[in-house]
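Notes follow once the structure below has been shown.
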Amino acid sequence: MQIILMGNVGVGKGTQAQRISAAYSIPHISTGHIFRNHIRGNTDIGKEVRGYIEAGQLVPDELTCRIVADRTLEADCTGGYILDGFPRSVPQAEEFERVLGAREANIDLAINLELPDDEIIERLTARRSCPTCGAIYNLRSNPPAQDGQCDNADCVGGRLIQRKDDTVETIRKRLDIYYDTTKPILAFYGERGILRTVDAAGQSPDGVFAKIEAFVSQYNTVRG
Ligand code: AMP
């Protein structure tokens with residue numbers, strides 16, 4: 001099953017994508033995570049994308065699409081995958097549809113998580129993550145057991161970090177980009193009949209996940 005997880009920055013896509021990945025045994029592909037790994041490894045791609053990411057801007061479509069097209073050809077993707085943070089523009093959605101069409105494949109579900117802007121800003125400024133395993137915490141709603149430390153036993157000694165693009169000023173820029181460039185892809189998937197929207201306001205991660213599971217099982221029932 002190929003699923004796209006959409007929604008504004010900070011709506012909880014990463015957290016839900018990890019859960020979908022575990023529940024349906026499909027890899028979680030996060031373009032943001034791939035880019036941050038390149039930056040950490042100081043690769044050529046990392047050097048190319050660092051400036052865009054730290055400024056809260058989108059990485060150019062061509063590079064982003066190439067990375068996703070290659071990643072989805074890897075062996076672990078034969079049974080499907082969950083895409084988190086891609087596509088983020090109509091040209092990316094169009095290009096990916098072309099790529100999948102050439103493979104006689106398609107997206108099964110595009111799940112959109114919705115949350116008001118003030119709740120997004122509140123969540124993102126309290127977000128911390130583990131640079132080693134990618135676990136995501138929230139200082140208010142989901143703090144680590146020990147201040148500043150990942151709960152995962154394999155990450156002992158690793159300090160949680162705040163992303164450089166999670167400052168209020170950069171978050172506002174990312175919100176603007178979402179409304180101008182990313183939100184129009186909802187109509188793109190809506191026209192294809194695969195868009196499903198989850199209202200995540202005031203919901204716990206479990207509550208949001210239950211709604212996502214309901215859409216997936218509805219899809220599986222209809223498909224037979
Ligand atoms: P995320 O972790 O999904 O919030 O992504 C972090 C940053 O990576 C974004 O603010 C962009 O700079 C970049 N990025 C991630 N996915 C994409 C994409 N599909 N297109 C362009 N830039 C992206």
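Identifiers in this document derive from the order of the structure tokens: chains are assigned A, B, ..., residues are numbered from 1 separately in each chain, and ligands are numbered from 1 in order of occurrence.
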
Practice problem: Using only C-alpha atoms, determine which residues lie at most 12 Å from Asp70 in chain A, disregarding the query and same-chain residues fewer than 6 positions distant; provide the list as an NGL selection string. | Solution: :A and (29 or 31 or 63-64 or 77 or 96 or 99-100)

Would you save the residues from that selection as a JSON list (two decimals), in the first residue's frame, using C-alpha atoms?
[["chain", "number", "residue", "atom", "x", "y", "z"],
["A", 29, "ILE", "CA", 10.07, 7.80, 3.92],
["A", 31, "THR", "CA", 12.18, 13.75, 2.79],
["A", 63, "LEU", "CA", 16.31, 17.28, -6.57],
["A", 64, "THR", "CA", 13.52, 16.34, -4.16],
["A", 77, "CYS", "CA", 9.40, -0.58, -0.87],
["A", 96, "PHE", "CA", 5.67, 11.75, -8.89],
["A", 99, "VAL", "CA", 7.16, 8.43, -12.18],
["A", 100, "LEU", "CA", 4.62, 6.02, -10.66]]

Quiz item: Can you tell me which residues sit at most 6 Å away from ligand 1, counting only C-alpha atoms and all ligand atoms, written as a ChimeraX atom specification?
Solution: /A:9,31-33,52-53,56-60,64,85-88

Would you export the selected residues with N, CA, C and O atoms as a JSON list (two decimals), in the first residue's frame, please?
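Printed below is selection_3.json as written:
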[["chain", "number", "residue", "atom", "x", "y", "z"],
["A", 9, "VAL", "N", 3.09, 22.00, 8.40],
["A", 9, "VAL", "CA", 4.23, 21.68, 9.26],
["A", 9, "VAL", "C", 3.72, 21.52, 10.70],
["A", 9, "VAL", "O", 2.78, 22.21, 11.10],
["A", 31, "THR", "N", 11.18, 12.98, 3.56],
["A", 31, "THR", "CA", 12.18, 13.75, 2.79],
["A", 31, "THR", "C", 12.97, 14.65, 3.74],
["A", 31, "THR", "O", 14.18, 14.79, 3.58],
["A", 32, "GLY", "N", 12.31, 15.21, 4.75],
["A", 32, "GLY", "CA", 13.02, 16.08, 5.70],
["A", 32, "GLY", "C", 14.12, 15.29, 6.41],
["A", 32, "GLY", "O", 15.24, 15.76, 6.57],
["A", 33, "HIS", "N", 13.80, 14.06, 6.79],
["A", 33, "HIS", "CA", 14.76, 13.21, 7.49],
["A", 33, "HIS", "C", 15.92, 12.86, 6.55],
["A", 33, "HIS", "O", 17.09, 12.90, 6.96],
["A", 52, "TYR", "N", 18.59, 26.02, 2.18],
["A", 52, "TYR", "CA", 17.12, 26.06, 2.03],
["A", 52, "TYR", "C", 16.45, 25.65, 3.34],
["A", 52, "TYR", "O", 15.52, 26.30, 3.80],
["A", 53, "ILE", "N", 16.93, 24.56, 3.91],
["A", 53, "ILE", "CA", 16.25, 24.00, 5.09],
["A", 53, "ILE", "C", 16.37, 24.94, 6.29],
["A", 53, "ILE", "O", 15.39, 25.21, 6.98],
["A", 56, "GLY", "N", 14.02, 27.68, 6.15],
["A", 56, "GLY", "CA", 12.60, 27.31, 6.12],
["A", 56, "GLY", "C", 12.03, 27.30, 4.72],
["A", 56, "GLY", "O", 10.81, 27.30, 4.53],
["A", 57, "GLN", "N", 12.92, 27.30, 3.69],
["A", 57, "GLN", "CA", 12.43, 27.27, 2.30],
["A", 57, "GLN", "C", 12.38, 25.85, 1.78],
["A", 57, "GLN", "O", 13.04, 24.97, 2.32],
["A", 58, "LEU", "N", 11.66, 25.65, 0.68],
["A", 58, "LEU", "CA", 11.60, 24.32, 0.09],
["A", 58, "LEU", "C", 12.86, 24.05, -0.73],
["A", 58, "LEU", "O", 13.38, 24.94, -1.41],
["A", 59, "VAL", "N", 13.31, 22.82, -0.68],
["A", 59, "VAL", "CA", 14.41, 22.36, -1.54],
["A", 59, "VAL", "C", 13.84, 22.28, -2.96],
["A", 59, "VAL", "O", 12.65, 21.95, -3.14],
["A", 60, "PRO", "N", 14.63, 22.60, -4.01],
["A", 60, "PRO", "CA", 14.07, 22.57, -5.37],
["A", 60, "PRO", "C", 13.41, 21.23, -5.72],
["A", 60, "PRO", "O", 13.86, 20.16, -5.32],
["A", 64, "THR", "N", 14.39, 17.06, -5.10],
["A", 64, "THR", "CA", 13.52, 16.34, -4.16],
["A", 64, "THR", "C", 12.85, 15.16, -4.85],
["A", 64, "THR", "O", 12.81, 14.04, -4.32],
["A", 85, "GLY", "N", 5.90, 14.22, 4.13],
["A", 85, "GLY", "CA", 6.54, 15.48, 3.73],
["A", 85, "GLY", "C", 6.82, 15.56, 2.24],
["A", 85, "GLY", "O", 7.50, 16.47, 1.79],
["A", 86, "PHE", "N", 6.30, 14.64, 1.48],
["A", 86, "PHE", "CA", 6.43, 14.66, 0.03],
["A", 86, "PHE", "C", 5.14, 14.12, -0.56],
["A", 86, "PHE", "O", 4.67, 13.09, -0.06],
["A", 87, "PRO", "N", 4.58, 14.70, -1.60],
["A", 87, "PRO", "CA", 5.01, 15.94, -2.25],
["A", 87, "PRO", "C", 4.61, 17.18, -1.45],
["A", 87, "PRO", "O", 3.72, 17.14, -0.61],
["A", 88, "ARG", "N", 5.28, 18.27, -1.77],
["A", 88, "ARG", "CA", 5.00, 19.53, -1.07],
["A", 88, "ARG", "C", 4.68, 20.64, -2.05],
["A", 88, "ARG", "O", 4.63, 21.81, -1.66]]

Self-check item: All residues 7 Å or closer to range 23-28 of chain A, only C-alpha atoms, same chain fewer than 3 positions away omitted, as a PyMOL selection string
Solution: chain A and resi 17-20+76-77+79-83

Take the selection from the previous step and output its residues with N, CA, C and O atoms, as a CSV table (one decimal), in the first residue's frame.
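Contents of selection_4.csv, freshly written:
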chain,number,residue,atom,x,y,z
A,17,ALA,N,3.4,8.9,10.9
A,17,ALA,CA,4.1,8.1,9.8
A,17,ALA,C,4.8,6.9,10.5
A,17,ALA,O,4.8,5.8,10.0
A,18,GLN,N,5.5,7.2,11.6
A,18,GLN,CA,6.2,6.1,12.3
A,18,GLN,C,5.2,5.0,12.7
A,18,GLN,O,5.5,3.8,12.7
A,19,ARG,N,4.0,5.4,13.2
A,19,ARG,CA,3.1,4.5,13.7
A,19,ARG,C,2.5,3.7,12.5
A,19,ARG,O,2.3,2.4,12.6
A,20,ILE,N,2.2,4.3,11.4
A,20,ILE,CA,1.7,3.6,10.2
A,20,ILE,C,2.7,2.6,9.7
A,20,ILE,O,2.4,1.5,9.4
A,76,ASP,N,13.0,-2.5,0.0
A,76,ASP,CA,12.0,-2.5,1.1
A,76,ASP,C,10.7,-1.9,0.7
A,76,ASP,O,9.7,-1.9,1.5
A,77,CYS,N,10.6,-1.3,-0.5
A,77,CYS,CA,9.4,-0.6,-0.9
A,77,CYS,C,8.5,-1.4,-1.7
A,77,CYS,O,7.4,-1.0,-2.2
A,79,GLY,N,6.4,-3.8,-1.0
A,79,GLY,CA,5.1,-3.9,-0.4
A,79,GLY,C,4.4,-2.6,-0.1
A,79,GLY,O,3.4,-2.6,0.5
A,80,GLY,N,5.0,-1.5,-0.5
A,80,GLY,CA,4.4,-0.2,-0.3
A,80,GLY,C,5.3,0.7,0.6
A,80,GLY,O,6.4,0.3,1.0
A,81,TYR,N,4.8,1.9,0.9
A,81,TYR,CA,5.6,2.8,1.8
A,81,TYR,C,4.7,3.9,2.2
A,81,TYR,O,3.6,4.1,1.7
A,82,ILE,N,5.1,4.6,3.2
A,82,ILE,CA,4.4,5.8,3.7
A,82,ILE,C,5.3,7.0,3.5
A,82,ILE,O,6.4,7.1,4.0
A,83,LEU,N,4.8,8.0,2.7
A,83,LEU,CA,5.6,9.2,2.4
A,83,LEU,C,5.2,10.3,3.3
A,83,LEU,O,4.0,10.6,3.4

Quiz item: Of the candidates A:Pro144, A:Pro184, A:Gly157, A:Pro131, which one gets nearest to Asn8 in chain A if we count only C-alpha atoms?
Solution: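 Looking only at the distances to Asn8 in chain A, the closest residue turns out to be A:Pro184.
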
Practice problem: Find the residues around range 117-130 of chain A up to 12 Å (only C-alpha atoms counted), leave out those fewer than 6 positions away in its own chain, and share them as a ChimeraX atom specification. | Solution: /A:7-15,33,136-144,147-176,178-179,200-203

If you take only C-alpha atoms and a cut-off of 10 Å, which residues of range 53-124 of chain A touch range 209-215 of chain A, and what are their nearest atom pairs and distances in Å to one decimal, in chain and number order, as a Markdown table?
| residue | atom | partner | partner_atom | distance |
| --- | --- | --- | --- | --- |
| A:Leu109 | CA | A:Phe215 | CA | 8.5 |
| A:Ile111 | CA | A:Ile212 | CA | 7.5 |
| A:Asn112 | CA | A:Ile212 | CA | 9.5 |
| A:Leu113 | CA | A:Ile212 | CA | 9.3 |

Quiz item: Using the chain letters and numbers from this document, which residues of range 16-102 of chain A does DSSP assign to alpha helix (DSSP H), as an NGL selection string?
Solution: :A and (16-24 or 31-41 or 44-54 or 61-71 or 90-102)

Quiz item: DSSP on the backbone: what in range 92-209 of chain A comes out strand (DSSP E or B), as JSON, numbers by chain?
Solution: {"A": [109, 110, 111, 112, 113, 114, 127, 128, 129, 136, 137, 138, 142, 149, 159, 161, 195, 196, 197, 198, 199]}

Restricting it to N, CA and C atoms, dump the selection as a short mmCIF file (atom, residue, chain, number, x, y, z; two decimals), in the first residue's frame.
data_model
loop_
_atom_site.label_atom_id
_atom_site.label_comp_id
_atom_site.auth_asym_id
_atom_site.auth_seq_id
_atom_site.Cartn_x
_atom_site.Cartn_y
_atom_site.Cartn_z
N LEU A 109 -3.77 6.12 -0.97
CA LEU A 109 -4.45 7.06 -0.07
C LEU A 109 -3.57 8.28 0.18
N ALA A 110 -4.18 9.46 0.19
CA ALA A 110 -3.48 10.68 0.60
C ALA A 110 -4.20 11.17 1.85
N ILE A 111 -3.55 11.01 3.00
CA ILE A 111 -4.21 11.35 4.27
C ILE A 111 -3.70 12.71 4.73
N ASN A 112 -4.65 13.61 4.96
CA ASN A 112 -4.33 15.00 5.30
C ASN A 112 -4.66 15.27 6.76
N LEU A 113 -3.66 15.69 7.54
CA LEU A 113 -3.89 16.02 8.95
C LEU A 113 -4.07 17.53 9.07
N GLU A 114 -5.14 17.95 9.76
CA GLU A 114 -5.42 19.39 9.89
C GLU A 114 -5.32 19.86 11.34
N ARG A 127 8.91 21.17 20.32
CA ARG A 127 9.34 19.89 19.74
C ARG A 127 10.84 19.66 19.94
N ARG A 128 11.20 18.45 20.32
CA ARG A 128 12.60 18.06 20.40
C ARG A 128 12.70 16.69 19.72
N SER A 129 13.87 16.39 19.14
CA SER A 129 14.00 15.08 18.52
C SER A 129 15.36 14.48 18.79
N ILE A 136 10.53 11.53 18.25
CA ILE A 136 10.06 12.91 18.40
C ILE A 136 9.40 13.06 19.77
N TYR A 137 9.75 14.14 20.47
CA TYR A 137 9.16 14.43 21.78
C TYR A 137 8.52 15.81 21.75
N ASN A 138 7.66 16.06 22.75
CA ASN A 138 7.12 17.39 22.93
C ASN A 138 7.27 17.72 24.41
N ASN A 142 4.55 15.31 25.55
CA ASN A 142 5.19 14.00 25.47
C ASN A 142 6.68 14.13 25.79
N GLN A 149 17.15 13.75 27.26
CA GLN A 149 17.71 12.46 26.82
C GLN A 149 16.65 11.63 26.11
N ARG A 159 21.91 13.49 23.23
CA ARG A 159 21.10 14.63 23.70
C ARG A 159 20.02 14.92 22.66
N ILE A 161 17.66 17.28 20.47
CA ILE A 161 17.96 18.58 19.86
C ILE A 161 16.67 19.29 19.42
N LEU A 195 -8.20 11.49 -1.41
CA LEU A 195 -7.90 12.37 -0.27
C LEU A 195 -8.81 12.06 0.92
N ARG A 196 -8.22 11.90 2.10
CA ARG A 196 -8.98 11.71 3.33
C ARG A 196 -8.42 12.70 4.35
N THR A 197 -9.32 13.42 5.06
CA THR A 197 -8.84 14.44 6.01
C THR A 197 -9.15 14.05 7.45
N VAL A 198 -8.16 14.25 8.31
CA VAL A 198 -8.30 13.98 9.75
C VAL A 198 -8.17 15.30 10.49
N ASP A 199 -9.18 15.63 11.31
CA ASP A 199 -9.08 16.83 12.15
C ASP A 199 -8.28 16.44 13.39
#
